[in-house]
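Novice: Before we start, here is the structure in question, set down as C-alpha coordinates.
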Amino acid sequence: MATLLHSPGTCTFPASYSRRLPRRKATMAFSASTDEILLAKSDLLSLISDQERGVKTETDPLRRSQIIKAIDALAVLGKDMVTTGSSLSATWRLLWTTEKEQLFIIKNANFFGTETGDVLQVIDVERRLLNNVITFPPDGVFFVRSTIDIVSRQRVNFKFTSAVLRGKNWEFPLPPYGQGWFETVYLDDEIRVVKDIRNDYLVVDRAPYNWKE
(Lines give C-alpha, C1' and ligand atoms only; values in the text may rest on other atoms or scores of the structure.)
Protein backbone atom coordinates (compact mmCIF):
# COMPACT_ATOMS: atom_id res chain seq x y z
CA MET A 1 0.00 0.00 0.00
CA ALA A 2 1.45 5.30 0.11
CA THR A 3 2.26 9.17 2.38
CA LEU A 4 2.35 11.56 0.98
CA LEU A 5 4.62 13.49 2.41
CA HIS A 6 6.63 16.36 2.25
CA SER A 7 6.34 16.28 6.02
CA PRO A 8 5.55 13.05 7.90
CA GLY A 9 1.86 12.27 8.03
CA THR A 10 0.88 14.99 5.55
CA CYS A 11 -0.82 14.10 2.28
CA THR A 12 -0.47 16.63 -0.53
CA PHE A 13 -2.12 16.50 -3.92
CA PRO A 14 -0.43 18.66 -6.56
CA ALA A 15 -2.58 20.25 -9.21
CA SER A 16 -0.80 18.21 -11.85
CA TYR A 17 0.05 14.58 -11.33
CA SER A 18 3.01 14.54 -13.72
CA ARG A 19 5.89 12.39 -12.44
CA ARG A 20 9.57 12.19 -13.17
CA LEU A 21 9.66 8.43 -13.79
CA PRO A 22 8.98 6.78 -17.17
CA ARG A 23 5.36 5.80 -17.65
CA ARG A 24 3.78 2.66 -19.07
CA LYS A 25 0.09 2.65 -19.91
CA ALA A 26 -2.42 0.05 -18.77
CA THR A 27 -4.04 -1.83 -21.62
CA MET A 28 -7.66 -0.76 -22.10
CA ALA A 29 -10.17 -2.68 -24.21
CA PHE A 30 -13.14 -0.32 -23.98
CA SER A 31 -14.12 3.19 -25.03
CA ALA A 32 -15.02 5.14 -21.90
CA SER A 33 -14.42 8.76 -22.76
CA THR A 34 -11.39 10.58 -21.46
CA ASP A 35 -13.67 13.20 -19.93
CA GLU A 36 -15.60 10.56 -17.97
CA ILE A 37 -12.41 9.05 -16.60
CA LEU A 38 -10.85 12.38 -15.69
CA LEU A 39 -14.02 13.52 -13.94
CA ALA A 40 -14.33 10.31 -11.91
CA LYS A 41 -10.65 10.39 -11.02
CA SER A 42 -10.80 14.05 -10.00
CA ASP A 43 -13.84 13.37 -7.84
CA LEU A 44 -12.06 10.56 -6.00
CA LEU A 45 -8.86 12.53 -5.44
CA SER A 46 -10.84 15.50 -4.16
CA LEU A 47 -12.73 13.34 -1.67
CA ILE A 48 -9.57 11.80 -0.19
CA SER A 49 -7.37 14.90 -0.30
CA ASP A 50 -8.03 16.00 3.30
CA GLN A 51 -8.41 12.56 4.88
CA GLU A 52 -4.86 12.04 6.19
CA ARG A 53 -4.46 8.76 4.29
CA GLY A 54 -7.75 7.47 5.75
CA VAL A 55 -7.29 8.40 9.41
CA LYS A 56 -10.10 10.97 9.31
CA THR A 57 -12.34 8.68 7.30
CA GLU A 58 -12.45 6.16 10.15
CA THR A 59 -14.71 8.53 12.10
CA ASP A 60 -16.65 9.92 9.13
CA PRO A 61 -18.97 7.24 7.70
CA LEU A 62 -20.55 9.67 5.25
CA ARG A 63 -17.20 10.56 3.69
CA ARG A 64 -16.23 6.88 3.62
CA SER A 65 -19.43 6.09 1.74
CA GLN A 66 -18.77 8.90 -0.73
CA ILE A 67 -15.20 7.73 -1.34
CA ILE A 68 -16.23 4.12 -1.89
CA LYS A 69 -18.94 5.27 -4.29
CA ALA A 70 -16.31 7.25 -6.20
CA ILE A 71 -14.03 4.20 -6.28
CA ASP A 72 -16.86 2.06 -7.62
CA ALA A 73 -17.57 4.63 -10.33
CA LEU A 74 -13.94 4.62 -11.42
CA ALA A 75 -13.90 0.81 -11.31
CA VAL A 76 -16.82 0.69 -13.74
CA LEU A 77 -14.88 2.87 -16.18
CA GLY A 78 -11.84 0.64 -15.72
CA LYS A 79 -13.64 -2.71 -15.82
CA ASP A 80 -12.05 -3.79 -19.10
CA MET A 81 -8.56 -2.57 -18.28
CA VAL A 82 -5.67 -5.00 -18.07
CA THR A 83 -3.97 -3.80 -14.89
CA THR A 84 -1.65 -6.72 -14.15
CA GLY A 85 0.91 -6.10 -16.87
CA SER A 86 4.21 -4.25 -16.71
CA SER A 87 2.46 -0.99 -15.81
CA LEU A 88 1.74 -2.47 -12.38
CA SER A 89 5.47 -2.52 -11.58
CA ALA A 90 6.31 0.59 -9.56
CA THR A 91 6.89 2.06 -6.14
CA TRP A 92 3.34 2.97 -5.16
CA ARG A 93 2.75 5.52 -2.38
CA LEU A 94 -0.32 5.53 -0.15
CA LEU A 95 -2.86 8.30 -0.58
CA TRP A 96 -5.83 6.70 1.19
CA THR A 97 -6.88 3.34 2.64
CA THR A 98 -9.41 1.56 4.84
CA GLU A 99 -6.82 -0.99 6.04
CA LYS A 100 -7.00 -0.85 9.84
CA GLU A 101 -3.47 -2.15 10.47
CA GLN A 102 -1.85 0.53 8.35
CA LEU A 103 -4.02 3.25 9.82
CA PHE A 104 -3.22 2.08 13.37
CA ILE A 105 0.50 2.44 12.69
CA ILE A 106 0.05 5.83 11.01
CA LYS A 107 -1.90 7.12 14.01
CA ASN A 108 0.23 5.63 16.77
CA ALA A 109 3.84 5.75 15.59
CA ASN A 110 4.42 8.73 17.89
CA PHE A 111 3.95 6.45 20.90
CA PHE A 112 7.23 4.83 19.88
CA GLY A 113 9.04 8.14 19.52
CA THR A 114 8.74 8.40 15.75
CA GLU A 115 6.39 9.45 12.95
CA THR A 116 5.13 7.49 9.98
CA GLY A 117 6.67 8.50 6.68
CA ASP A 118 5.79 7.13 3.27
CA VAL A 119 3.68 3.98 3.17
CA LEU A 120 4.49 2.02 0.02
CA GLN A 121 3.72 -0.97 -2.14
CA VAL A 122 6.68 -1.94 -4.27
CA ILE A 123 5.67 -4.30 -7.07
CA ASP A 124 7.86 -6.09 -9.61
CA VAL A 125 5.64 -8.04 -11.99
CA GLU A 126 8.52 -9.62 -13.92
CA ARG A 127 10.16 -10.98 -10.77
CA ARG A 128 6.78 -11.77 -9.15
CA LEU A 129 7.64 -9.79 -6.00
CA LEU A 130 5.74 -7.44 -3.71
CA ASN A 131 7.03 -5.46 -0.73
CA ASN A 132 4.65 -3.66 1.63
CA VAL A 133 6.66 -0.91 3.30
CA ILE A 134 6.09 1.55 6.13
CA THR A 135 8.87 4.07 6.66
CA PHE A 136 9.80 5.85 9.88
CA PRO A 137 12.20 8.68 8.98
CA PRO A 138 15.05 9.09 9.11
CA ASP A 139 16.23 5.48 9.45
CA GLY A 140 13.39 3.15 10.42
CA VAL A 141 11.37 0.86 8.17
CA PHE A 142 8.99 -2.07 8.49
CA PHE A 143 8.48 -4.16 5.39
CA VAL A 144 6.81 -7.41 4.45
CA ARG A 145 8.11 -9.42 1.51
CA SER A 146 5.68 -11.39 -0.65
CA THR A 147 5.56 -13.43 -3.80
CA ILE A 148 2.78 -12.76 -6.31
CA ASP A 149 0.96 -14.63 -9.05
CA ILE A 150 -1.02 -12.96 -11.82
CA VAL A 151 -4.35 -14.78 -12.01
CA SER A 152 -6.45 -12.52 -14.26
CA ARG A 153 -6.37 -9.20 -16.04
CA GLN A 154 -6.98 -7.37 -12.74
CA ARG A 155 -6.37 -9.85 -9.90
CA VAL A 156 -3.08 -10.72 -8.21
CA ASN A 157 -2.62 -13.42 -5.57
CA PHE A 158 0.06 -12.86 -2.94
CA LYS A 159 1.74 -14.86 -0.21
CA PHE A 160 3.83 -13.31 2.56
CA THR A 161 7.31 -14.81 2.84
CA SER A 162 9.06 -12.72 5.52
CA ALA A 163 8.88 -9.48 7.47
CA VAL A 164 11.59 -7.18 8.82
CA LEU A 165 11.61 -4.31 11.31
CA ARG A 166 14.79 -2.34 10.69
CA GLY A 167 16.47 0.60 12.42
CA LYS A 168 19.69 2.46 11.74
CA ASN A 169 22.01 -0.19 13.19
CA TRP A 170 19.73 -3.12 13.88
CA GLU A 171 17.26 -5.47 12.23
CA PHE A 172 14.59 -7.71 13.72
CA PRO A 173 13.15 -10.47 11.50
CA LEU A 174 9.54 -11.52 11.91
CA PRO A 175 7.75 -14.63 10.65
CA PRO A 176 5.60 -14.44 7.52
CA TYR A 177 1.87 -14.40 8.05
CA GLY A 178 -0.84 -15.00 5.51
CA GLN A 179 -1.85 -14.77 1.91
CA GLY A 180 -4.65 -13.29 -0.16
CA TRP A 181 -5.44 -11.36 -3.31
CA PHE A 182 -6.01 -7.82 -4.54
CA GLU A 183 -7.63 -6.39 -7.64
CA THR A 184 -6.39 -3.22 -9.30
CA VAL A 185 -9.70 -1.86 -10.54
CA TYR A 186 -8.17 1.27 -12.07
CA LEU A 187 -4.64 2.11 -13.21
CA ASP A 188 -3.11 4.97 -15.16
CA ASP A 189 0.17 6.86 -15.40
CA GLU A 190 -0.41 8.53 -12.04
CA ILE A 191 -2.65 6.54 -9.69
CA ARG A 192 -3.85 3.05 -8.91
CA VAL A 193 -7.07 2.00 -7.14
CA VAL A 194 -7.34 -1.35 -5.37
CA LYS A 195 -9.88 -3.61 -3.67
CA ASP A 196 -8.70 -6.66 -1.74
CA ILE A 197 -9.78 -9.97 -0.23
CA ARG A 198 -10.93 -8.28 3.00
CA ASN A 199 -13.04 -5.71 1.14
CA ASP A 200 -10.53 -3.01 1.99
CA TYR A 201 -9.70 -0.20 -0.41
CA LEU A 202 -6.44 1.42 -1.37
CA VAL A 203 -5.61 4.49 -3.45
CA VAL A 204 -1.95 5.04 -4.29
CA ASP A 205 0.14 7.17 -6.60
CA ARG A 206 3.45 6.53 -8.30
CA ALA A 207 6.17 7.68 -5.92
CA PRO A 208 8.80 10.03 -7.40
CA TYR A 209 11.50 7.52 -6.41
CA ASN A 210 12.13 3.76 -6.43
CA TRP A 211 12.29 2.17 -2.98
CA LYS A 212 15.01 -0.43 -2.44
CA GLU A 213 15.74 -2.66 0.53
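The chains in the C-alpha coordinates are called A, B, ... from first to last as shown; in each chain the residues are counted from 1, and the ligands are counted from 1 in the order shown.
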With a cut-off of 9 Å, could you pull out the residues of stretch 148-210 of chain A touching stretch 125-137 of chain A and give me the nearest pair of atoms for each, distance in Å to one decimal, using only C-alpha atoms, ordered by chain and ascending number, as JSON lines?
Specialist:
{"residue": "A:Ile148", "atom": "CA", "partner": "A:Arg128", "partner_atom": "CA", "distance": 5.0}
{"residue": "A:Asp149", "atom": "CA", "partner": "A:Arg128", "partner_atom": "CA", "distance": 6.5}
{"residue": "A:Ile150", "atom": "CA", "partner": "A:Val125", "partner_atom": "CA", "distance": 8.3}
{"residue": "A:Phe158", "atom": "CA", "partner": "A:Leu130", "partner_atom": "CA", "distance": 7.9}
{"residue": "A:Phe160", "atom": "CA", "partner": "A:Leu130", "partner_atom": "CA", "distance": 8.8}
{"residue": "A:Gly167", "atom": "CA", "partner": "A:Phe136", "partner_atom": "CA", "distance": 8.9}
Novice: DSSP says strand (DSSP E) for which residues of stretch 70-209 of chain A? Put them as an NGL selection string?
Specialist: :A and (81-82 or 90-97 or 119-124 or 129-136 or 140-150 or 155-166 or 171-174 or 179-187 or 191-196 or 201-206)
Novice: Of the candidates A:Val194, A:Pro61, A:Trp170, A:Phe143, which shows the shortest atom-to-atom distance to A:Leu74, using only C-alpha atoms?
Specialist: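 When distances to A:Leu74 are compared using only C-alpha atoms, the smallest one comes from A:Val194.
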Novice: Fewer than 3 positions away in the same chain doesn't count, so skip those; otherwise give me all residues within 12 Å of A:Gln66, counting only C-alpha atoms, as a list in words.
Specialist: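 Selected residues are Asp43, Leu44, Leu45, Ser46, Leu47, Ile48, Thr57, Asp60, Pro61, Leu62, Arg63, Lys69, Ala70, Ile71, Asp72 and Ala73 of chain A.
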Novice: I need the residues from that last selection saved to file as a PDB file, in the first residue's frame (with N, CA and C atoms), if you can.
Specialist:
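Saved the output as part24.pdb:
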ATOM      1  N   ASP A  43     -12.888  13.470  -8.944  1.00  0.00           N
ATOM      2  CA  ASP A  43     -13.841  13.369  -7.839  1.00  0.00           C
ATOM      3  C   ASP A  43     -13.253  12.551  -6.698  1.00  0.00           C
ATOM      4  N   LEU A  44     -12.665  11.410  -7.023  1.00  0.00           N
ATOM      5  CA  LEU A  44     -12.061  10.557  -5.998  1.00  0.00           C
ATOM      6  C   LEU A  44     -10.919  11.275  -5.290  1.00  0.00           C
ATOM      7  N   LEU A  45     -10.017  11.870  -6.051  1.00  0.00           N
ATOM      8  CA  LEU A  45      -8.862  12.532  -5.442  1.00  0.00           C
ATOM      9  C   LEU A  45      -9.281  13.715  -4.574  1.00  0.00           C
ATOM     10  N   SER A  46     -10.329  14.403  -4.974  1.00  0.00           N
ATOM     11  CA  SER A  46     -10.835  15.504  -4.163  1.00  0.00           C
ATOM     12  C   SER A  46     -11.395  14.996  -2.837  1.00  0.00           C
ATOM     13  N   LEU A  47     -12.111  13.892  -2.881  1.00  0.00           N
ATOM     14  CA  LEU A  47     -12.728  13.343  -1.671  1.00  0.00           C
ATOM     15  C   LEU A  47     -11.701  12.858  -0.656  1.00  0.00           C
ATOM     16  N   ILE A  48     -10.566  12.347  -1.123  1.00  0.00           N
ATOM     17  CA  ILE A  48      -9.572  11.800  -0.191  1.00  0.00           C
ATOM     18  C   ILE A  48      -8.496  12.804   0.186  1.00  0.00           C
ATOM     19  N   THR A  57     -11.195   9.407   7.839  1.00  0.00           N
ATOM     20  CA  THR A  57     -12.341   8.681   7.299  1.00  0.00           C
ATOM     21  C   THR A  57     -12.878   7.655   8.284  1.00  0.00           C
ATOM     22  N   ASP A  60     -15.745   9.158   9.999  1.00  0.00           N
ATOM     23  CA  ASP A  60     -16.645   9.919   9.131  1.00  0.00           C
ATOM     24  C   ASP A  60     -17.302   8.960   8.140  1.00  0.00           C
ATOM     25  N   PRO A  61     -18.352   8.249   8.576  1.00  0.00           N
ATOM     26  CA  PRO A  61     -18.969   7.244   7.702  1.00  0.00           C
ATOM     27  C   PRO A  61     -19.551   7.825   6.416  1.00  0.00           C
ATOM     28  N   LEU A  62     -20.014   9.066   6.466  1.00  0.00           N
ATOM     29  CA  LEU A  62     -20.550   9.672   5.249  1.00  0.00           C
ATOM     30  C   LEU A  62     -19.453   9.858   4.215  1.00  0.00           C
ATOM     31  N   ARG A  63     -18.298  10.386   4.637  1.00  0.00           N
ATOM     32  CA  ARG A  63     -17.198  10.560   3.693  1.00  0.00           C
ATOM     33  C   ARG A  63     -16.715   9.203   3.183  1.00  0.00           C
ATOM     34  N   LYS A  69     -18.106   5.063  -3.103  1.00  0.00           N
ATOM     35  CA  LYS A  69     -18.943   5.270  -4.288  1.00  0.00           C
ATOM     36  C   LYS A  69     -18.106   5.797  -5.448  1.00  0.00           C
ATOM     37  N   ALA A  70     -17.194   6.711  -5.160  1.00  0.00           N
ATOM     38  CA  ALA A  70     -16.314   7.249  -6.205  1.00  0.00           C
ATOM     39  C   ALA A  70     -15.368   6.180  -6.741  1.00  0.00           C
ATOM     40  N   ILE A  71     -14.876   5.316  -5.853  1.00  0.00           N
ATOM     41  CA  ILE A  71     -14.026   4.200  -6.285  1.00  0.00           C
ATOM     42  C   ILE A  71     -14.808   3.266  -7.193  1.00  0.00           C
ATOM     43  N   ASP A  72     -16.036   2.949  -6.800  1.00  0.00           N
ATOM     44  CA  ASP A  72     -16.862   2.057  -7.617  1.00  0.00           C
ATOM     45  C   ASP A  72     -17.133   2.659  -8.992  1.00  0.00           C
ATOM     46  N   ALA A  73     -17.335   3.966  -9.042  1.00  0.00           N
ATOM     47  CA  ALA A  73     -17.569   4.627 -10.331  1.00  0.00           C
ATOM     48  C   ALA A  73     -16.341   4.532 -11.224  1.00  0.00           C
TER      49      ALA A  73
END
Novice: Could you pull out the residues in stretch 50-211 of chain A that DSSP calls helix (DSSP H, G or I) from the backbone, as a VMD selection string?
Specialist: chain A and resid 56 to 59 61 to 77 86 to 88 100 to 112
Novice: Residues of stretch 35-151 of chain A within 9 Å of stretch 176-181 of chain A: nearest atom pair and distance (Å, one decimal) for each, counting only C-alpha atoms, sorted by chain and number, as a Markdown table?
Specialist:
| residue | atom | partner | partner_atom | distance |
| --- | --- | --- | --- | --- |
| A:Val144 | CA | A:Pro176 | CA | 7.8 |
| A:Arg145 | CA | A:Pro176 | CA | 8.2 |
| A:Ser146 | CA | A:Gln179 | CA | 8.6 |
| A:Ile148 | CA | A:Trp181 | CA | 8.9 |
Novice: Residues as selected, N, CA and C atoms, written as a PDB file, in the first residue's frame, can you do that?
Specialist:
ATOM      1  N   VAL A 144       7.233  -6.025   4.589  1.00  0.00           N
ATOM      2  CA  VAL A 144       6.810  -7.415   4.452  1.00  0.00           C
ATOM      3  C   VAL A 144       7.050  -7.844   3.014  1.00  0.00           C
ATOM      4  N   ARG A 145       7.831  -8.882   2.843  1.00  0.00           N
ATOM      5  CA  ARG A 145       8.110  -9.423   1.508  1.00  0.00           C
ATOM      6  C   ARG A 145       7.027 -10.439   1.137  1.00  0.00           C
ATOM      7  N   SER A 146       6.673 -10.446  -0.141  1.00  0.00           N
ATOM      8  CA  SER A 146       5.677 -11.389  -0.646  1.00  0.00           C
ATOM      9  C   SER A 146       6.058 -11.843  -2.045  1.00  0.00           C
ATOM     10  N   ILE A 148       4.071 -12.997  -5.678  1.00  0.00           N
ATOM     11  CA  ILE A 148       2.778 -12.760  -6.308  1.00  0.00           C
ATOM     12  C   ILE A 148       2.595 -13.665  -7.519  1.00  0.00           C
TER      13      ILE A 148
END
Novice: Which residues, written as a ChimeraX atom specification, have at least one atom at most 7 Å from A:Ala90, with only C-alpha atoms counted and residues fewer than 3 positions away on the same chain left out?
Specialist: /A:122-124,206
